[in-house]
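Okay, entry12.cif now, which holds mmCIF, C-alpha atoms, pLDDT in the B column; chains and numbers go by the auth columns:
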data_work
loop_
_atom_site.group_PDB
_atom_site.id
_atom_site.type_symbol
_atom_site.label_atom_id
_atom_site.label_comp_id
_atom_site.label_asym_id
_atom_site.label_seq_id
_atom_site.Cartn_x
_atom_site.Cartn_y
_atom_site.Cartn_z
_atom_site.B_iso_or_equiv
_atom_site.auth_seq_id
_atom_site.auth_asym_id
ATOM 1 C CA ALA A 1 11.535 -12.372 -17.506 67.00 1 E
ATOM 2 C CA LEU A 2 12.956 -12.472 -13.990 70.00 2 E
ATOM 3 C CA ALA A 3 15.017 -9.358 -14.693 79.00 3 E
ATOM 4 C CA LEU A 4 11.905 -7.575 -15.996 81.00 4 E
ATOM 5 C CA TYR A 5 9.951 -8.594 -12.909 77.00 5 E
ATOM 6 C CA LEU A 6 12.725 -7.478 -10.548 80.00 6 E
ATOM 7 C CA GLY A 7 13.035 -4.218 -12.476 87.00 7 E
ATOM 8 C CA ALA A 8 9.296 -3.601 -12.180 87.00 8 E
ATOM 9 C CA LEU A 9 9.463 -4.395 -8.468 83.00 9 E
ATOM 10 C CA ALA A 10 12.356 -1.932 -8.023 89.00 10 E
ATOM 11 C CA VAL A 11 10.463 0.786 -9.922 92.00 11 E
ATOM 12 C CA ASN A 12 7.381 0.150 -7.774 87.00 12 E
ATOM 13 C CA ALA A 13 9.427 0.397 -4.561 84.00 13 E
ATOM 14 C CA ALA A 14 11.143 3.577 -5.776 88.00 14 E
ATOM 15 C CA GLY A 15 7.766 5.073 -6.705 86.00 15 E
ATOM 16 C CA PHE A 16 6.419 4.294 -3.222 78.00 16 E
ATOM 17 C CA ALA A 17 9.487 5.867 -1.612 80.00 17 E
ATOM 18 C CA LEU A 18 9.304 8.995 -3.768 81.00 18 E
ATOM 19 C CA THR A 19 5.581 9.342 -3.084 77.00 19 E
ATOM 20 C CA TYR A 20 5.596 8.903 0.688 75.00 20 E
ATOM 21 C CA ALA A 21 9.138 9.410 2.036 79.00 21 E
ATOM 22 C CA PRO A 22 9.353 13.194 1.769 84.00 22 E
ATOM 23 C CA ILE A 23 5.778 13.915 2.944 84.00 23 E
ATOM 24 C CA GLU A 24 5.226 15.548 6.319 86.00 24 E
ATOM 25 C CA TYR A 25 1.732 16.032 7.700 86.00 25 E
ATOM 26 C CA ARG A 26 1.203 19.313 9.495 87.00 26 E
ATOM 27 C CA ARG A 27 -1.701 21.060 11.123 86.00 27 E
ATOM 28 C CA TYR A 28 -2.078 24.810 10.753 88.00 28 E
ATOM 29 C CA GLY A 29 -5.178 25.910 12.663 86.00 29 E
ATOM 30 C CA ASP A 30 -8.052 23.979 11.129 86.00 30 E
ATOM 31 C CA ARG A 31 -6.073 22.784 8.065 88.00 31 E
ATOM 32 C CA LEU A 32 -4.298 19.490 7.446 85.00 32 E
ATOM 33 C CA VAL A 33 -1.378 20.050 5.082 89.00 33 E
ATOM 34 C CA ALA A 34 0.597 17.316 3.316 87.00 34 E
ATOM 35 C CA TYR A 35 3.953 19.023 2.857 90.00 35 E
ATOM 36 C CA ASP A 36 6.720 17.690 0.599 87.00 36 E
ATOM 37 C CA ALA A 37 9.988 18.406 2.418 87.00 37 E
ATOM 38 C CA TRP A 38 12.146 17.634 -0.641 88.00 38 E
ATOM 39 C CA LEU A 39 10.304 20.019 -2.956 86.00 39 E
ATOM 40 C CA ASP A 40 9.563 22.497 -0.147 88.00 40 E
ATOM 41 C CA GLU A 41 5.967 22.679 -1.395 89.00 41 E
ATOM 42 C CA PRO A 42 2.581 21.678 -0.010 90.00 42 E
ATOM 43 C CA GLN A 43 1.076 18.765 -1.975 86.00 43 E
ATOM 44 C CA TRP A 44 -2.503 19.018 -0.746 86.00 44 E
ATOM 45 C CA THR A 45 -4.486 20.630 2.017 87.00 45 E
ATOM 46 C CA ALA A 46 -7.851 19.930 3.630 85.00 46 E
ATOM 47 C CA SER A 47 -10.019 21.307 6.376 82.00 47 E
ATOM 48 C CA VAL A 48 -9.868 19.186 9.522 82.00 48 E
ATOM 49 C CA ASP A 49 -13.632 19.733 9.916 79.00 49 E
ATOM 50 C CA ARG A 50 -14.266 17.994 6.570 78.00 50 E
ATOM 51 C CA LEU A 51 -12.202 14.864 7.221 81.00 51 E
ATOM 52 C CA ARG A 52 -14.442 11.791 7.288 83.00 52 E
ATOM 53 C CA ASN A 53 -14.485 8.030 6.770 85.00 53 E
ATOM 54 C CA ALA A 54 -11.113 7.748 8.504 84.00 54 E
ATOM 55 C CA SER A 55 -9.784 4.234 9.005 83.00 55 E
ATOM 56 C CA VAL A 56 -6.447 2.533 9.482 85.00 56 E
ATOM 57 C CA VAL A 57 -5.313 0.706 6.327 84.00 57 E
ATOM 58 C CA PRO A 58 -4.676 -2.893 7.468 80.00 58 E
ATOM 59 C CA THR A 59 -3.270 -4.307 4.217 77.00 59 E
ATOM 60 C CA ARG A 60 0.037 -2.491 3.815 78.00 60 E
ATOM 61 C CA LEU A 61 3.008 -4.791 4.247 74.00 61 E
ATOM 62 C CA PRO A 62 5.451 -1.937 5.076 76.00 62 E
ATOM 63 C CA ASP A 63 3.186 -0.858 7.940 80.00 63 E
ATOM 64 C CA ARG A 64 3.286 -4.349 9.417 79.00 64 E
ATOM 65 C CA ALA A 65 7.009 -4.800 8.813 78.00 65 E
ATOM 66 C CA PHE A 66 8.124 -1.457 10.271 84.00 66 E
ATOM 67 C CA GLY A 67 5.407 -0.798 12.877 83.00 67 E
ATOM 68 C CA ALA A 68 4.020 2.188 10.981 85.00 68 E
ATOM 69 C CA ARG A 69 0.407 3.203 10.392 87.00 69 E
ATOM 70 C CA THR A 70 -1.376 4.574 7.333 87.00 70 E
ATOM 71 C CA VAL A 71 -4.802 6.194 7.571 87.00 71 E
ATOM 72 C CA GLU A 72 -7.229 6.429 4.668 88.00 72 E
ATOM 73 C CA LEU A 73 -9.735 9.256 4.790 86.00 73 E
ATOM 74 C CA THR A 74 -12.072 11.312 2.648 87.00 74 E
ATOM 75 C CA VAL A 75 -11.362 15.033 2.330 83.00 75 E
ATOM 76 C CA GLY A 76 -13.421 17.778 0.744 77.00 76 E
ATOM 77 C CA VAL A 77 -17.020 17.858 -0.386 78.00 77 E
ATOM 78 C CA GLY A 78 -18.657 17.609 -3.814 79.00 78 E
ATOM 79 C CA ASP A 79 -16.287 18.240 -6.702 80.00 79 E
ATOM 80 C CA ASP A 80 -13.368 18.700 -4.300 78.00 80 E
ATOM 81 C CA GLU A 81 -13.922 15.307 -2.638 83.00 81 E
ATOM 82 C CA ALA A 82 -10.940 12.953 -2.719 85.00 82 E
ATOM 83 C CA GLU A 83 -9.655 9.836 -0.990 87.00 83 E
ATOM 84 C CA ARG A 84 -6.297 10.497 0.667 86.00 84 E
ATOM 85 C CA PHE A 85 -3.767 8.376 2.477 86.00 85 E
ATOM 86 C CA VAL A 86 -2.013 9.915 5.459 83.00 86 E
ATOM 87 C CA GLY A 87 1.144 8.066 6.311 78.00 87 E
ATOM 88 C CA PRO A 88 2.927 5.884 6.826 82.00 88 E
ATOM 89 C CA VAL A 89 3.690 7.426 10.203 84.00 89 E
ATOM 90 C CA ALA A 90 5.614 5.909 13.094 85.00 90 E
ATOM 91 C CA ASP A 91 3.143 6.982 15.806 86.00 91 E
ATOM 92 C CA GLY A 92 -0.447 6.378 14.744 84.00 92 E
ATOM 93 C CA GLU A 93 -1.913 7.517 18.068 87.00 93 E
ATOM 94 C CA ALA A 94 -0.190 10.905 17.761 86.00 94 E
ATOM 95 C CA LEU A 95 -1.560 11.261 14.221 83.00 95 E
ATOM 96 C CA VAL A 96 -5.112 10.526 15.370 85.00 96 E
ATOM 97 C CA SER A 97 -4.929 12.972 18.265 84.00 97 E
ATOM 98 C CA ALA A 98 -3.193 15.749 16.292 82.00 98 E
ATOM 99 C CA PHE A 99 -5.833 15.796 13.561 81.00 99 E
ATOM 100 C CA ASP A 100 -8.839 14.794 15.712 79.00 100 E
ATOM 101 C CA LEU A 101 -9.570 11.759 13.532 81.00 101 E
ATOM 102 C CA PRO A 102 -12.541 9.597 14.520 78.00 102 E
ATOM 103 C CA ILE A 103 -10.519 6.396 14.953 82.00 103 E
ATOM 104 C CA ARG A 104 -10.824 4.333 18.137 82.00 104 E
ATOM 105 C CA SER A 105 -7.613 2.356 17.784 81.00 105 E
ATOM 106 C CA THR A 106 -4.643 2.343 15.453 82.00 106 E
ATOM 107 C CA ASP A 107 -3.837 -1.294 16.187 82.00 107 E
ATOM 108 C CA LEU A 108 -3.658 -3.467 13.095 79.00 108 E
ATOM 109 C CA PRO A 109 -5.956 -6.481 13.025 78.00 109 E
ATOM 110 C CA PRO A 110 -4.230 -9.862 13.099 80.00 110 E
ATOM 111 C CA MET A 111 -3.227 -11.509 9.859 80.00 111 E
ATOM 112 C CA ASP A 112 -4.122 -15.118 9.019 84.00 112 E
ATOM 113 C CA ARG A 113 -0.627 -16.547 8.947 84.00 113 E
ATOM 114 C CA ARG A 114 -1.680 -19.826 7.305 90.00 114 E
ATOM 115 C CA THR A 115 -3.221 -18.034 4.323 89.00 115 E
ATOM 116 C CA ALA A 116 -0.195 -15.733 4.098 85.00 116 E
ATOM 117 C CA ALA A 117 2.140 -18.733 4.199 90.00 117 E
ATOM 118 C CA VAL A 118 0.183 -20.411 1.387 92.00 118 E
ATOM 119 C CA ALA A 119 0.396 -17.188 -0.665 89.00 119 E
ATOM 120 C CA VAL A 120 4.149 -16.876 -0.090 88.00 120 E
ATOM 121 C CA GLY A 121 4.658 -20.568 -0.858 92.00 121 E
ATOM 122 C CA ALA A 122 2.623 -20.301 -4.055 91.00 122 E
ATOM 123 C CA GLY A 123 4.586 -17.213 -5.085 89.00 123 E
ATOM 124 C CA ILE A 124 7.919 -18.911 -4.492 91.00 124 E
ATOM 125 C CA ALA A 125 6.754 -22.035 -6.316 91.00 125 E
ATOM 126 C CA ALA A 126 5.575 -19.965 -9.295 86.00 126 E
ATOM 127 C CA ALA A 127 8.871 -18.061 -9.422 84.00 127 E
ATOM 128 C CA VAL A 128 11.006 -21.208 -9.122 87.00 128 E
ATOM 129 C CA GLY A 129 8.849 -22.989 -11.703 82.00 129 E
ATOM 130 C CA ALA A 130 9.149 -20.122 -14.167 77.00 130 E
ATOM 131 C CA VAL A 131 12.922 -19.928 -13.758 79.00 131 E
ATOM 132 C CA ALA A 132 13.267 -23.720 -14.052 80.00 132 E
ATOM 133 C CA TRP A 133 11.095 -23.693 -17.148 75.00 133 E
ATOM 134 C CA LEU A 134 13.304 -21.053 -18.754 74.00 134 E
ATOM 135 C CA VAL A 135 16.761 -22.371 -17.840 77.00 135 E
ATOM 136 C CA GLY A 136 15.985 -26.095 -17.931 74.00 136 E
ATOM 137 C CA PRO A 137 16.934 -28.301 -20.859 74.00 137 E
ATOM 138 C CA TRP A 138 13.283 -28.597 -21.903 71.00 138 E
ATOM 139 C CA GLY A 139 12.841 -24.826 -22.361 65.00 139 E
ATOM 140 C CA SER A 140 12.933 -22.952 -25.642 69.00 140 E
ATOM 141 C CA SER A 141 13.102 -19.313 -26.658 67.00 141 E
ATOM 142 C CA SER A 142 9.346 -19.188 -27.200 74.00 142 E
ATOM 143 C CA ASP A 143 8.799 -20.183 -23.560 72.00 143 E
ATOM 144 C CA LEU A 144 9.904 -16.707 -22.464 71.00 144 E
ATOM 145 C CA VAL A 145 6.979 -15.190 -24.361 75.00 145 E
ATOM 146 C CA GLN A 146 4.614 -17.732 -22.828 76.00 146 E
ATOM 147 C CA ILE A 147 5.823 -16.961 -19.309 75.00 147 E
ATOM 148 C CA ILE A 148 5.491 -13.214 -19.858 75.00 148 E
ATOM 149 C CA PHE A 149 1.881 -13.710 -20.935 79.00 149 E
ATOM 150 C CA LEU A 150 1.149 -16.197 -18.124 80.00 150 E
ATOM 151 C CA LEU A 151 2.760 -14.069 -15.395 79.00 151 E
ATOM 152 C CA PRO A 152 -0.324 -11.888 -14.709 81.00 152 E
ATOM 153 C CA PHE A 153 -2.486 -15.016 -14.438 85.00 153 E
ATOM 154 C CA LEU A 154 -0.052 -16.439 -11.877 83.00 154 E
ATOM 155 C CA VAL A 155 0.536 -13.253 -9.902 85.00 155 E
ATOM 156 C CA TRP A 156 -3.078 -12.087 -9.672 88.00 156 E
ATOM 157 C CA PRO A 157 -4.453 -15.111 -7.741 89.00 157 E
ATOM 158 C CA ILE A 158 -1.435 -15.099 -5.444 89.00 158 E
ATOM 159 C CA TRP A 159 -1.956 -11.391 -4.750 85.00 159 E
ATOM 160 C CA LEU A 160 -5.658 -12.018 -4.022 87.00 160 E
ATOM 161 C CA LEU A 161 -4.722 -14.823 -1.641 87.00 161 E
ATOM 162 C CA TRP A 162 -2.269 -12.493 0.111 82.00 162 E
ATOM 163 C CA ARG A 163 -4.989 -9.831 0.480 81.00 163 E
ATOM 164 C CA TRP A 164 -7.345 -12.483 1.829 85.00 164 E
ATOM 165 C CA ALA A 165 -4.883 -13.137 4.662 84.00 165 E
ATOM 166 C CA TYR A 166 -5.699 -9.733 6.147 77.00 166 E
ATOM 167 C CA THR A 167 -8.797 -9.706 8.296 67.00 167 E
ATOM 168 C CA GLU A 168 -11.145 -6.783 7.860 60.00 168 E
ATOM 169 C CA PRO A 169 -11.363 -4.429 10.860 50.00 169 E
ATOM 170 C CA GLU A 170 -14.698 -4.135 12.627 48.00 170 E
#
For the file at hand, write its structure as structure tokens.
Amino acid sequence: ALALYLGALAVNAAGFALTYAPIEYRRYGDRLVAYDAWLDEPQWTASVDRLRNASVVPTRLPDRAFGARTVELTVGVGDDEAERFVGPVADGEALVSAFDLPIRSTDLPPMDRRTAAVAVGAGIAAAVGAVAWLVGPWGSSSDLVQIIFLLPFLVWPIWLLWRWAYTEPE
């Protein structure tokens, strides 16, 4: 079960890297272009005049860990309307000024460290408990199936608690 979880975590991290690592954001006149440098192809384009509902995403752990910024915005109108994420980028202020985004500040709101510590502690306790349950002398082969089925019910509340640690921007 632990190997499956670590494998899923590795696939998730690889998917994030493949999705966002090669993307460059460029401005050509009045167009914002998300350009994939690895494929040498544009991924999507939008008119800068039609960018709206722009806000800094405060809940991304990589942004907090590496000092990056990700902006969520709405592009297009009607049937062409879509929610897009621009970033992560190292310089959020340069992103805002280059694309004339209506964002006052790219500073991330503070995180409630007590709630985050409780979430991390609960996650570690759940992981240690699951491993102890499986490798301990009281475990059986059917316990693996039980843990696999219980894992979403353990992870979901911990994830919600982690999200709760982030304060909503004003």
Going by the chain IDs and residue numbers used in this file, which residues fall under the PyMOL selection byres ((chain E and resi 46-56) around 6)? Write them as a tab-separated table (two decimals) with C-alpha atoms, in the coordinates of the input.
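Contents of the output file expr39.tsv:
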chain	number	residue	atom	x	y	z
E	30	ASP	CA	-8.05	23.98	11.13
E	31	ARG	CA	-6.07	22.78	8.06
E	32	LEU	CA	-4.30	19.49	7.45
E	45	THR	CA	-4.49	20.63	2.02
E	57	VAL	CA	-5.31	0.71	6.33
E	70	THR	CA	-1.38	4.57	7.33
E	71	VAL	CA	-4.80	6.19	7.57
E	72	GLU	CA	-7.23	6.43	4.67
E	73	LEU	CA	-9.74	9.26	4.79
E	74	THR	CA	-12.07	11.31	2.65
E	75	VAL	CA	-11.36	15.03	2.33
E	76	GLY	CA	-13.42	17.78	0.74
Spell out the residues picked by the PyMOL selection byres ((chain E and resi 100-114) around 8) here, as a PyMOL selection string. chain E and resi 48+51-52+54-56+58+64+69+92-93+96-99+115-118+165-169
Residues within 6 Å of (4.7, 16.7, 1.8), counting only C-alpha atoms, listed as a list in words: Pro22, Ile23, Glu24, Ala34, Tyr35, Asp36, Ala37, Pro42 and Gln43 of chain E
Using the selection just defined, write its residues with C-alpha atoms as an mmCIF file, keeping the file's coordinate frame.
data_model
loop_
_atom_site.group_PDB
_atom_site.id
_atom_site.type_symbol
_atom_site.label_atom_id
_atom_site.label_comp_id
_atom_site.auth_asym_id
_atom_site.auth_seq_id
_atom_site.Cartn_x
_atom_site.Cartn_y
_atom_site.Cartn_z
ATOM 1 C CA PRO E 22 9.353 13.194 1.769
ATOM 2 C CA ILE E 23 5.778 13.915 2.944
ATOM 3 C CA GLU E 24 5.226 15.548 6.319
ATOM 4 C CA ALA E 34 0.597 17.316 3.316
ATOM 5 C CA TYR E 35 3.953 19.023 2.857
ATOM 6 C CA ASP E 36 6.720 17.690 0.599
ATOM 7 C CA ALA E 37 9.988 18.406 2.418
ATOM 8 C CA PRO E 42 2.581 21.678 -0.010
ATOM 9 C CA GLN E 43 1.076 18.765 -1.975
#
Just how far from atom CA of E:Val120 is atom CA of E:Arg163, in Å to one decimal?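 Atom-to-atom, atom CA of E:Arg163 and atom CA of E:Val120 are spaced 11.6 Å apart.
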To one decimal place in Å, what is the distance between atom CA of E:Ala68 and atom CA of E:Asp91?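 These atoms are spaced 6.9 Å apart.
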Measure the distance from atom CA of E:Leu61 to atom CA of E:Val33 in Å and round it to one decimal.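 Interatomic distance, atom CA of E:Leu61 to atom CA of E:Val33: 25.2 Å.
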Residue nearest E:Leu160 - candidates E:Gly78, E:Thr59, E:Asp143, E:Pro137, atoms counted: only C-alpha atoms: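 So, comparing all the options, the nearest one is E:Thr59.
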Tell me which residues the PyMOL selection byres ((chain E and resi 2) around 12) grabs here, as a PyMOL selection string. chain E and resi 1+3-9+126-135+144+147-148+151
Find, counting all atoms listed in the file, the residue in E:Phe85, E:Ala65, E:Gly29, E:Ile158 that gets nearest to E:Gly121. E:Ile158
